[in-house]
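Okay, input-v3.txt now, which holds compact mmCIF, C-alpha atoms and all ligand atoms:
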```txt
# COMPACT_ATOMS: atom_id res chain seq x y z
CA MET A 1 -133.71 37.00 71.28
CA THR A 2 -132.57 40.44 70.16
CA ASP A 3 -131.99 41.16 66.47
CA ALA A 4 -128.25 41.07 67.12
CA GLU A 5 -128.54 37.64 68.73
CA ILE A 6 -130.61 36.33 65.84
CA ARG A 7 -128.08 37.71 63.42
CA SER A 8 -125.22 36.07 65.20
CA LYS A 9 -127.07 32.76 65.33
CA LEU A 10 -127.84 32.88 61.59
CA GLY A 11 -124.27 33.89 60.84
CA GLN A 12 -123.07 30.53 62.05
CA LEU A 13 -125.20 28.57 59.59
CA THR A 14 -123.41 26.95 56.68
CA ASP A 15 -124.28 27.92 53.14
CA PRO A 16 -125.70 24.90 51.26
CA GLU A 17 -123.85 25.60 48.04
CA LEU A 18 -120.28 26.41 49.05
CA GLY A 19 -120.06 25.07 52.59
CA ILE A 20 -118.98 28.49 53.88
CA SER A 21 -120.51 30.17 56.93
CA PHE A 22 -123.23 32.78 56.35
CA ASP A 23 -121.03 35.28 58.18
CA ARG A 24 -118.05 34.74 55.99
CA LEU A 25 -120.23 34.96 52.88
CA GLY A 26 -121.85 38.14 54.20
CA LEU A 27 -125.26 36.57 53.52
CA ILE A 28 -127.28 38.19 56.28
CA LYS A 29 -127.79 41.81 55.38
CA SER A 30 -130.31 42.67 58.06
CA VAL A 31 -132.58 41.26 60.73
CA GLN A 32 -135.61 43.13 61.91
CA THR A 33 -138.13 41.82 64.41
CA THR A 34 -141.61 43.23 64.62
CA SER A 35 -144.32 42.04 66.99
CA ASP A 36 -145.35 39.11 64.83
CA VAL A 37 -142.58 38.41 62.32
CA ILE A 38 -138.81 38.26 61.96
CA LYS A 39 -137.73 39.83 58.68
CA VAL A 40 -134.39 38.59 57.37
CA GLU A 41 -132.75 40.18 54.36
CA VAL A 42 -130.33 37.86 52.56
CA GLN A 43 -127.72 39.35 50.25
CA LEU A 44 -126.37 36.84 47.75
CA PRO A 45 -122.78 37.10 46.42
CA THR A 46 -124.05 36.71 42.85
CA PRO A 47 -127.47 36.84 41.21
CA ALA A 48 -126.62 33.42 39.73
CA TYR A 49 -126.77 31.75 43.16
CA PRO A 50 -128.54 28.43 42.51
CA GLY A 51 -131.52 27.38 44.63
CA ARG A 52 -131.59 30.40 46.94
CA GLU A 53 -134.72 29.06 48.69
CA ARG A 54 -132.46 26.58 50.48
CA ILE A 55 -131.00 29.51 52.42
CA GLY A 56 -134.50 30.57 53.45
CA ASP A 57 -135.26 27.01 54.57
CA LEU A 58 -132.14 26.94 56.76
CA ILE A 59 -133.08 30.27 58.31
CA GLY A 60 -136.63 29.03 58.89
CA SER A 61 -135.38 25.91 60.69
CA ALA A 62 -132.89 27.87 62.79
CA LEU A 63 -135.71 30.13 63.98
CA SER A 64 -138.38 27.46 64.16
CA GLY A 65 -141.46 28.34 66.14
CA ARG A 66 -141.27 31.95 64.94
CA LYS A 67 -142.83 33.49 61.86
CA VAL A 68 -140.00 34.35 59.49
CA GLU A 69 -140.01 36.36 56.28
CA VAL A 70 -136.92 36.05 54.11
CA SER A 71 -136.19 38.46 51.25
CA TYR A 72 -133.32 38.25 48.80
CA SER A 73 -131.08 40.80 47.13
CA TRP A 74 -127.64 40.40 45.58
CA GLN A 75 -124.39 42.21 45.22
CA VAL A 76 -121.64 40.60 43.18
CA LEU A 77 -118.52 39.95 45.22
CA GLY A 78 -115.26 40.77 43.51
CA ARG A 79 -111.77 41.97 44.11
CA GLU A 80 -111.75 44.73 41.46
CA THR A 81 -108.16 43.93 40.67
CA GLY A 82 -108.16 46.19 37.60
CA GLY A 83 -108.42 49.25 39.85
CA LYS A 84 -104.75 50.04 39.37
CA ILE A 85 -105.31 50.53 35.64
CA GLY A 86 -108.52 52.48 36.18
CA LEU A 87 -111.03 49.67 35.62
CA ARG A 88 -114.20 49.36 37.70
CA ILE A 89 -114.81 45.68 37.04
CA LYS A 90 -115.43 43.33 39.93
CA ASN A 91 -114.37 40.11 38.25
CA VAL A 92 -112.39 39.53 35.08
CA VAL A 93 -112.81 35.97 33.87
CA ALA A 94 -110.92 34.35 31.00
CA VAL A 95 -112.24 31.49 28.90
CA GLY A 96 -109.52 29.38 27.32
CA SER A 97 -108.87 26.09 25.61
CA GLY A 98 -105.92 24.01 24.55
CA LYS A 99 -106.87 24.16 20.89
CA GLY A 100 -109.32 25.77 18.48
CA GLY A 101 -112.72 24.48 17.45
CA VAL A 102 -113.82 23.12 20.84
CA GLY A 103 -116.47 25.79 21.33
CA LYS A 104 -114.47 28.16 23.50
CA SER A 105 -115.93 31.33 21.94
CA THR A 106 -119.44 29.91 22.06
CA THR A 107 -118.94 29.10 25.75
CA ALA A 108 -117.50 32.57 26.48
CA ALA A 109 -120.43 34.29 24.76
CA SER A 110 -122.94 31.96 26.47
CA LEU A 111 -121.38 32.66 29.85
CA ALA A 112 -121.58 36.42 29.30
CA TYR A 113 -125.23 36.21 28.23
CA GLY A 114 -125.93 33.77 31.06
CA LEU A 115 -124.64 36.17 33.72
CA LYS A 116 -126.60 38.96 32.07
CA HIS A 117 -129.69 36.76 32.08
CA PHE A 118 -129.42 36.57 35.89
CA GLY A 119 -129.21 40.36 36.04
CA ALA A 120 -125.49 41.05 36.37
CA LYS A 121 -123.71 43.85 34.50
CA VAL A 122 -121.49 42.12 31.98
CA GLY A 123 -118.92 42.94 29.30
CA LEU A 124 -117.44 40.60 26.71
CA LEU A 125 -113.94 41.07 25.33
CA ASP A 126 -112.76 39.04 22.38
CA ALA A 127 -109.04 38.56 22.85
CA ASP A 128 -108.93 35.74 20.30
CA VAL A 129 -107.09 38.00 17.89
CA TYR A 130 -106.25 35.10 15.55
CA GLY A 131 -109.89 34.15 14.99
CA PRO A 132 -112.22 36.78 16.45
CA SER A 133 -115.68 35.22 16.39
CA ILE A 134 -117.49 37.20 19.09
CA PRO A 135 -118.96 39.71 16.58
CA LEU A 136 -120.44 36.79 14.61
CA LEU A 137 -121.79 34.99 17.68
CA THR A 138 -123.37 38.06 19.27
CA GLY A 139 -124.53 39.64 16.04
CA ALA A 140 -122.96 42.91 17.20
CA LYS A 141 -121.97 45.26 14.40
CA GLY A 142 -120.30 48.64 14.13
CA THR A 143 -116.98 50.36 14.57
CA PRO A 144 -115.92 51.32 18.06
CA ILE A 145 -115.41 55.07 18.26
CA VAL A 146 -112.86 56.97 20.31
CA ARG A 147 -114.41 59.50 22.66
CA GLU A 148 -112.92 62.20 24.80
CA VAL A 149 -113.73 61.66 28.47
CA GLU A 150 -113.15 64.15 31.25
CA LEU A 151 -111.76 62.73 34.49
CA PRO A 152 -112.84 64.14 37.89
CA THR A 153 -109.44 65.91 37.94
CA GLY A 154 -110.40 67.86 34.81
CA GLN A 155 -107.89 65.96 32.70
CA LYS A 156 -109.21 64.91 29.30
CA ILE A 157 -108.41 61.45 27.99
CA GLN A 158 -109.35 59.36 24.95
CA ARG A 159 -111.46 56.28 25.48
CA LEU A 160 -112.55 53.53 23.10
CA GLU A 161 -116.29 52.91 23.20
CA PRO A 162 -117.31 49.21 23.09
CA ILE A 163 -120.14 48.08 20.81
CA ASP A 164 -123.53 47.40 22.36
CA ALA A 165 -124.90 43.87 21.95
CA ASP A 166 -128.33 43.50 23.54
CA GLY A 167 -127.31 45.84 26.37
CA MET A 168 -123.92 44.21 26.85
CA LYS A 169 -120.63 45.96 26.09
CA VAL A 170 -118.62 44.00 23.54
CA LEU A 171 -115.21 44.64 22.06
CA SER A 172 -113.27 42.67 19.47
CA ILE A 173 -110.50 43.21 16.96
CA GLY A 174 -113.13 41.87 14.56
CA PHE A 175 -114.82 45.29 14.70
CA LEU A 176 -111.61 47.02 13.63
CA ILE A 177 -110.39 44.87 10.74
CA ARG A 178 -112.03 43.85 7.51
CA GLU A 179 -113.73 40.47 7.47
CA ASN A 180 -111.40 37.81 6.04
CA GLN A 181 -108.37 39.99 6.76
CA ALA A 182 -105.59 38.01 8.41
CA VAL A 183 -103.49 39.88 10.94
CA ILE A 184 -100.03 38.86 12.00
CA TRP A 185 -99.53 39.70 15.62
CA ARG A 186 -96.10 40.27 17.04
CA GLY A 187 -95.79 40.01 20.81
CA PRO A 188 -95.44 43.75 21.55
CA MET A 189 -98.37 44.66 19.23
CA LEU A 190 -100.56 42.13 20.94
CA HIS A 191 -99.59 43.48 24.33
CA LYS A 192 -100.38 47.02 23.19
CA LEU A 193 -103.75 46.07 21.72
CA LEU A 194 -104.85 44.26 24.85
CA THR A 195 -103.69 47.10 27.04
CA GLN A 196 -105.78 49.46 24.93
CA PHE A 197 -108.78 47.14 25.00
CA LEU A 198 -108.64 47.11 28.79
CA GLN A 199 -107.04 50.28 30.03
CA GLU A 200 -108.20 52.73 27.35
CA THR A 201 -111.73 51.44 26.89
CA ASP A 202 -114.83 52.80 28.52
CA TRP A 203 -116.12 49.60 30.14
CA GLY A 204 -117.92 51.50 32.90
CA GLU A 205 -118.87 49.61 36.03
CA LEU A 206 -119.20 45.87 35.50
CA ASP A 207 -119.81 42.86 37.70
CA TYR A 208 -118.09 40.54 35.24
CA LEU A 209 -115.91 40.98 32.17
CA ILE A 210 -115.61 37.76 30.18
CA ILE A 211 -112.53 37.44 28.00
CA ASP A 212 -112.41 34.99 25.11
CA LEU A 213 -108.74 33.99 24.87
CA PRO A 214 -106.95 32.71 21.78
CA PRO A 215 -106.56 28.93 21.94
CA GLY A 216 -103.41 27.40 23.34
CA THR A 217 -100.81 30.11 23.50
CA GLY A 218 -99.82 31.89 26.66
CA ASP A 219 -98.86 35.41 25.51
CA VAL A 220 -102.32 36.94 25.88
CA SER A 221 -102.78 35.29 29.27
CA LEU A 222 -99.41 36.53 30.40
CA THR A 223 -100.27 40.11 29.42
CA LEU A 224 -103.59 39.82 31.20
CA SER A 225 -102.07 38.48 34.36
CA GLN A 226 -99.50 41.31 34.32
CA LEU A 227 -102.12 44.01 33.72
CA LEU A 228 -104.69 42.84 36.23
CA GLY A 229 -105.30 39.89 38.51
CA LEU A 230 -107.92 37.69 36.92
CA ALA A 231 -110.70 36.20 39.03
CA GLY A 232 -109.84 33.00 37.19
CA ALA A 233 -109.95 31.04 33.97
CA VAL A 234 -112.46 28.55 32.64
CA VAL A 235 -111.03 25.77 30.48
CA VAL A 236 -113.27 24.43 27.72
CA CYS A 237 -112.66 21.03 26.16
CA THR A 238 -114.42 18.26 24.31
CA PRO A 239 -114.74 14.81 25.86
CA GLN A 240 -112.36 12.71 23.77
CA LYS A 241 -108.90 11.75 25.01
CA VAL A 242 -106.86 13.77 22.48
CA ALA A 243 -108.79 16.92 23.37
CA LEU A 244 -108.26 16.33 27.07
CA LEU A 245 -104.51 16.30 26.53
CA ASP A 246 -104.76 19.80 25.07
CA ALA A 247 -106.87 20.92 27.99
CA ILE A 248 -104.16 19.78 30.37
CA LYS A 249 -101.68 21.94 28.46
CA ALA A 250 -104.01 24.92 28.84
CA ILE A 251 -104.29 24.29 32.58
CA SER A 252 -100.53 24.09 32.92
CA MET A 253 -100.20 27.32 30.93
CA PHE A 254 -102.58 29.11 33.33
CA ASP A 255 -100.59 27.76 36.25
CA GLN A 256 -97.41 29.19 34.77
CA VAL A 257 -98.87 32.67 34.34
CA LYS A 258 -100.45 32.48 37.82
CA ILE A 259 -104.09 32.57 36.73
CA PRO A 260 -106.26 30.38 38.96
CA VAL A 261 -108.28 27.79 37.06
CA LEU A 262 -111.95 27.94 38.06
CA GLY A 263 -112.69 24.58 36.49
CA ILE A 264 -113.42 22.66 33.29
CA VAL A 265 -116.44 22.79 30.98
CA GLU A 266 -117.11 19.82 28.74
CA ASN A 267 -118.51 20.96 25.41
CA MET A 268 -120.01 18.92 22.60
CA SER A 269 -120.92 16.07 24.94
CA GLY A 270 -122.84 13.37 23.14
CA ASP A 271 -122.74 10.44 20.79
CA ILE A 272 -119.98 11.65 18.51
CA PHE A 273 -117.25 12.59 20.95
CA GLY A 274 -118.47 10.63 23.95
CA ARG A 275 -119.35 12.01 27.33
CA GLY A 276 -117.85 12.39 30.76
CA GLY A 277 -114.17 12.54 29.80
CA ALA A 278 -113.74 16.09 31.06
CA LYS A 279 -115.52 15.34 34.30
CA ALA A 280 -113.20 12.43 35.02
CA LYS A 281 -110.18 14.57 34.14
CA ALA A 282 -111.37 17.39 36.40
CA GLU A 283 -111.70 14.94 39.28
CA GLU A 284 -108.27 13.52 38.58
CA LEU A 285 -106.76 17.02 38.59
CA ASP A 286 -108.76 18.05 41.63
CA LEU A 287 -110.42 20.88 39.72
CA PRO A 288 -114.11 21.79 39.79
CA PHE A 289 -116.16 20.33 36.95
CA LEU A 290 -118.33 23.19 35.76
CA GLY A 291 -120.82 21.25 33.65
CA GLU A 292 -121.41 19.94 30.19
CA ILE A 293 -122.93 21.42 27.04
CA PRO A 294 -124.50 18.83 24.74
CA ILE A 295 -123.62 18.75 21.08
CA ASP A 296 -126.74 20.28 19.64
CA ALA A 297 -127.66 21.91 16.36
CA THR A 298 -129.50 24.75 18.15
CA ILE A 299 -126.19 26.01 19.49
CA ARG A 300 -124.51 26.02 16.09
CA VAL A 301 -127.48 27.57 14.28
CA ARG A 302 -127.95 30.37 16.84
CA GLY A 303 -124.20 30.98 16.87
CA ASP A 304 -124.09 31.31 13.09
CA ASP A 305 -127.06 33.71 13.25
CA GLY A 306 -125.54 35.99 15.88
CA GLN A 307 -128.20 34.80 18.30
CA VAL A 308 -126.27 33.18 21.16
CA GLY A 309 -128.16 35.43 23.59
CA SER A 310 -131.47 33.93 22.47
CA LEU A 311 -130.44 30.56 23.96
CA TYR A 312 -131.70 31.99 27.27
CA ALA A 313 -134.89 33.45 25.83
CA ASP A 314 -136.82 30.32 24.98
CA ASP A 315 -136.93 26.63 25.75
CA ASN A 316 -134.22 24.72 23.92
CA PRO A 317 -132.12 21.67 24.77
CA ALA A 318 -129.01 23.71 25.62
CA LYS A 319 -130.61 26.19 28.01
CA PRO A 320 -130.64 24.19 31.28
CA HIS A 321 -127.01 23.19 30.70
CA LEU A 322 -125.92 26.76 30.00
CA LEU A 323 -127.76 28.07 33.06
CA ASN A 324 -126.11 25.40 35.20
CA ILE A 325 -122.63 26.26 33.89
CA THR A 326 -123.21 29.97 34.41
CA GLN A 327 -124.25 29.34 38.01
CA ASN A 328 -121.33 27.02 38.70
CA ILE A 329 -118.83 29.53 37.35
CA ALA A 330 -120.38 32.44 39.24
CA MET A 331 -120.20 30.40 42.45
CA GLN A 332 -116.60 29.37 41.90
CA ILE A 333 -115.71 33.04 41.41
CA ALA A 334 -117.51 34.02 44.62
CA LYS A 335 -115.84 31.19 46.49
CA ARG A 336 -112.38 32.27 45.40
CA VAL A 337 -113.07 35.88 46.35
CA ILE A 338 -114.10 34.79 49.83
CA LEU A 339 -111.40 32.21 50.42
CA ASP A 340 -108.68 34.56 49.16
CA ALA A 341 -109.87 37.39 51.39
CA PRO A 342 -108.47 37.79 54.90
CA MET A 343 -110.57 36.06 57.57
CA PRO A 344 -113.15 38.33 59.16
CA SER A 345 -112.09 39.83 62.45
CA LEU A 346 -112.43 37.79 65.64
CA GLU A 347 -115.19 40.10 66.75
CA ILE A 348 -117.49 38.83 64.01
CA LEU A 349 -116.49 35.23 64.56
P1 LIG B 401 -113.54 27.85 19.36
O1 LIG B 401 -113.72 29.21 19.95
O2 LIG B 401 -113.07 26.85 20.34
O3 LIG B 401 -112.70 27.85 18.12
P2 LIG B 401 -116.31 28.08 18.53
O4 LIG B 401 -117.02 28.54 19.74
O5 LIG B 401 -116.03 29.11 17.46
O6 LIG B 401 -114.97 27.30 18.90
O7 LIG B 401 -117.16 26.87 17.93
C1 LIG B 401 -116.78 26.18 16.76
C2 LIG B 401 -118.04 25.70 16.03
O8 LIG B 401 -118.69 24.71 16.80
C3 LIG B 401 -119.06 26.79 15.82
O9 LIG B 401 -119.67 26.59 14.57
C4 LIG B 401 -120.08 26.58 16.93
O10 LIG B 401 -121.37 27.01 16.57
C5 LIG B 401 -120.05 25.08 17.05
N1 LIG B 401 -120.38 24.61 18.41
C6 LIG B 401 -119.80 24.97 19.57
N2 LIG B 401 -120.34 24.31 20.61
C7 LIG B 401 -121.31 23.51 20.10
C8 LIG B 401 -122.24 22.57 20.66
N3 LIG B 401 -122.26 22.32 21.95
N4 LIG B 401 -123.09 21.95 19.80
C9 LIG B 401 -123.06 22.19 18.46
N5 LIG B 401 -122.21 23.04 17.89
C10 LIG B 401 -121.34 23.70 18.68
```
Mind turning the file's structure into structure tokens?
Amino acid sequence: MTDAEIRSKLGQLTDPELGISFDRLGLIKSVQTTSDVIKVEVQLPTPAYPGRERIGDLIGSALSGRKVEVSYSWQVLGRETGGKIGLRIKNVVAVGSGKGGVGKSTTAASLAYGLKHFGAKVGLLDADVYGPSIPLLTGAKGTPIVREVELPTGQKIQRLEPIDADGMKVLSIGFLIRENQAVIWRGPMLHKLLTQFLQETDWGELDYLIIDLPPGTGDVSLTLSQLLGLAGAVVVCTPQKVALLDAIKAISMFDQVKIPVLGIVENMSGDIFGRGGAKAKAEELDLPFLGEIPIDATIRVRGDDGQVGSLYADDNPAKPHLLNITQNIAMQIAKRVILDAPMPSLEIL
């Protein structure tokens, strides 16, 4: 078999995680045969691809009888929908909930750190202007400065510089107002602030920007969906029935503003609130269930200490759950990018 024939054979295999062909996923980056070994380079659509060895096993079986060496690299797939407002961000992902206190901000921060843990370039934007808690959760401090940036055209523009939190760019209204200061947001002000936080901020090149939405209301989501097409929204809820009703409202709100829902995360699973309610609801609504986070003191303590990122640094009860959720979300994003893209040309098929 020539390298091209091997490539075309491998291209027809089905990815074990998403059920999409290798070709459509763009998984096979190169095939190179030497006298004694076939070297296959696999390019994953996200560094958070779970159980990548399964791809190698499939390749090995498809080429059985030959010595095969599989290597892995990754390049995050994304639609870069913010390009029209000058952003270079592959995927913008919102995290929302029907009501406050369900752990939405904790989940948003954990997702951002989780994607960073896998190696992606990540930013975190706190759009929960009514209760900005991202500075507290990340431990990031400082005042964002405005810098003059020169465009390739020579034109000089002003750009807001996000705050650095463990190598991640973070922005929040919490950095710009005094602690304990309540702010009353009128619709147009909110729209202007968000526009500035996106369009006039130096986010640089990112694989993912995670946005922590305010609970419930639709105005921020509407602005976001007008400014840029989101890769999707994650809905966080707790397992009890009353909370699930609020989650359904959030899902319906996202539907109205045309933001695809990537799925539901169940937070605070455990004795107090019960377990499994969100999973059942996700199935009923035909939405992906993205995983559960147990109710656990480690999460609250690290959150209060500005140490959410450390949940990935050591062994703790929450870590496997957070890794699993991060992977599920990253895969749902990749899946949407692929399924929304035009089919590859007949030639490739
Ligand atoms: P929201 O953004 O929905 O208002 P937060 O993320 O601010 O909620 O979380 C509210 C409180 O609950 C915080 O003190 C946080 O540390 C705590 N918390 C969130 N998730 C968990 C969990 N799984 N286990 C224990 N405490 C949690």
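For the pair atom CA of A:Ala120 and atom CA of A:Ile210, the separation is 12.1 Å.
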Between A:Ser97, A:Gln327, A:Gln256, A:Gln307, single out the one closest to ligand LIG 401 (chain B), counting only C-alpha atoms and all ligand atoms. A:Ser97
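Proximity of A:Trp203, A:Phe22, A:Phe118, A:Trp185 to A:Arg88, computed with all atoms listed in the file, is greatest for A:Trp203.
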Surrounding residues of A:Gln32 excluding itself and chain neighbours under 3 positions, 10 Å, all atoms listed in the file, as a PDB file with C-alpha atoms, in the coordinates of the input:
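That gives us selection17.pdb:
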```pdb
ATOM      1  CA  THR A   2    -132.570  40.440  70.160  1.00  0.00           C
ATOM      2  CA  ASP A   3    -131.990  41.160  66.470  1.00  0.00           C
ATOM      3  CA  ALA A   4    -128.250  41.070  67.120  1.00  0.00           C
ATOM      4  CA  ILE A   6    -130.610  36.330  65.840  1.00  0.00           C
ATOM      5  CA  ARG A   7    -128.080  37.710  63.420  1.00  0.00           C
ATOM      6  CA  VAL A  37    -142.580  38.410  62.320  1.00  0.00           C
ATOM      7  CA  ILE A  38    -138.810  38.260  61.960  1.00  0.00           C
ATOM      8  CA  LYS A  39    -137.730  39.830  58.680  1.00  0.00           C
ATOM      9  CA  VAL A  40    -134.390  38.590  57.370  1.00  0.00           C
ATOM     10  CA  GLU A  41    -132.750  40.180  54.360  1.00  0.00           C
ATOM     11  CA  GLU A  69    -140.010  36.360  56.280  1.00  0.00           C
TER      12      GLU A  69
END
```
Near-A:Ile134 list (8 Å; only C-alpha atoms; drop same-chain fewer than 4 positions) as number ranges by chain: A: 105, 109, 126, 138, 172, 174
Residue neighbourhood stretch 297-299 of chain A, 9 Å, all atoms listed in the file, exclusion window fewer than 2 positions, as a ChimeraX atom specification: /A:106,295,301-304,308,311,316-318
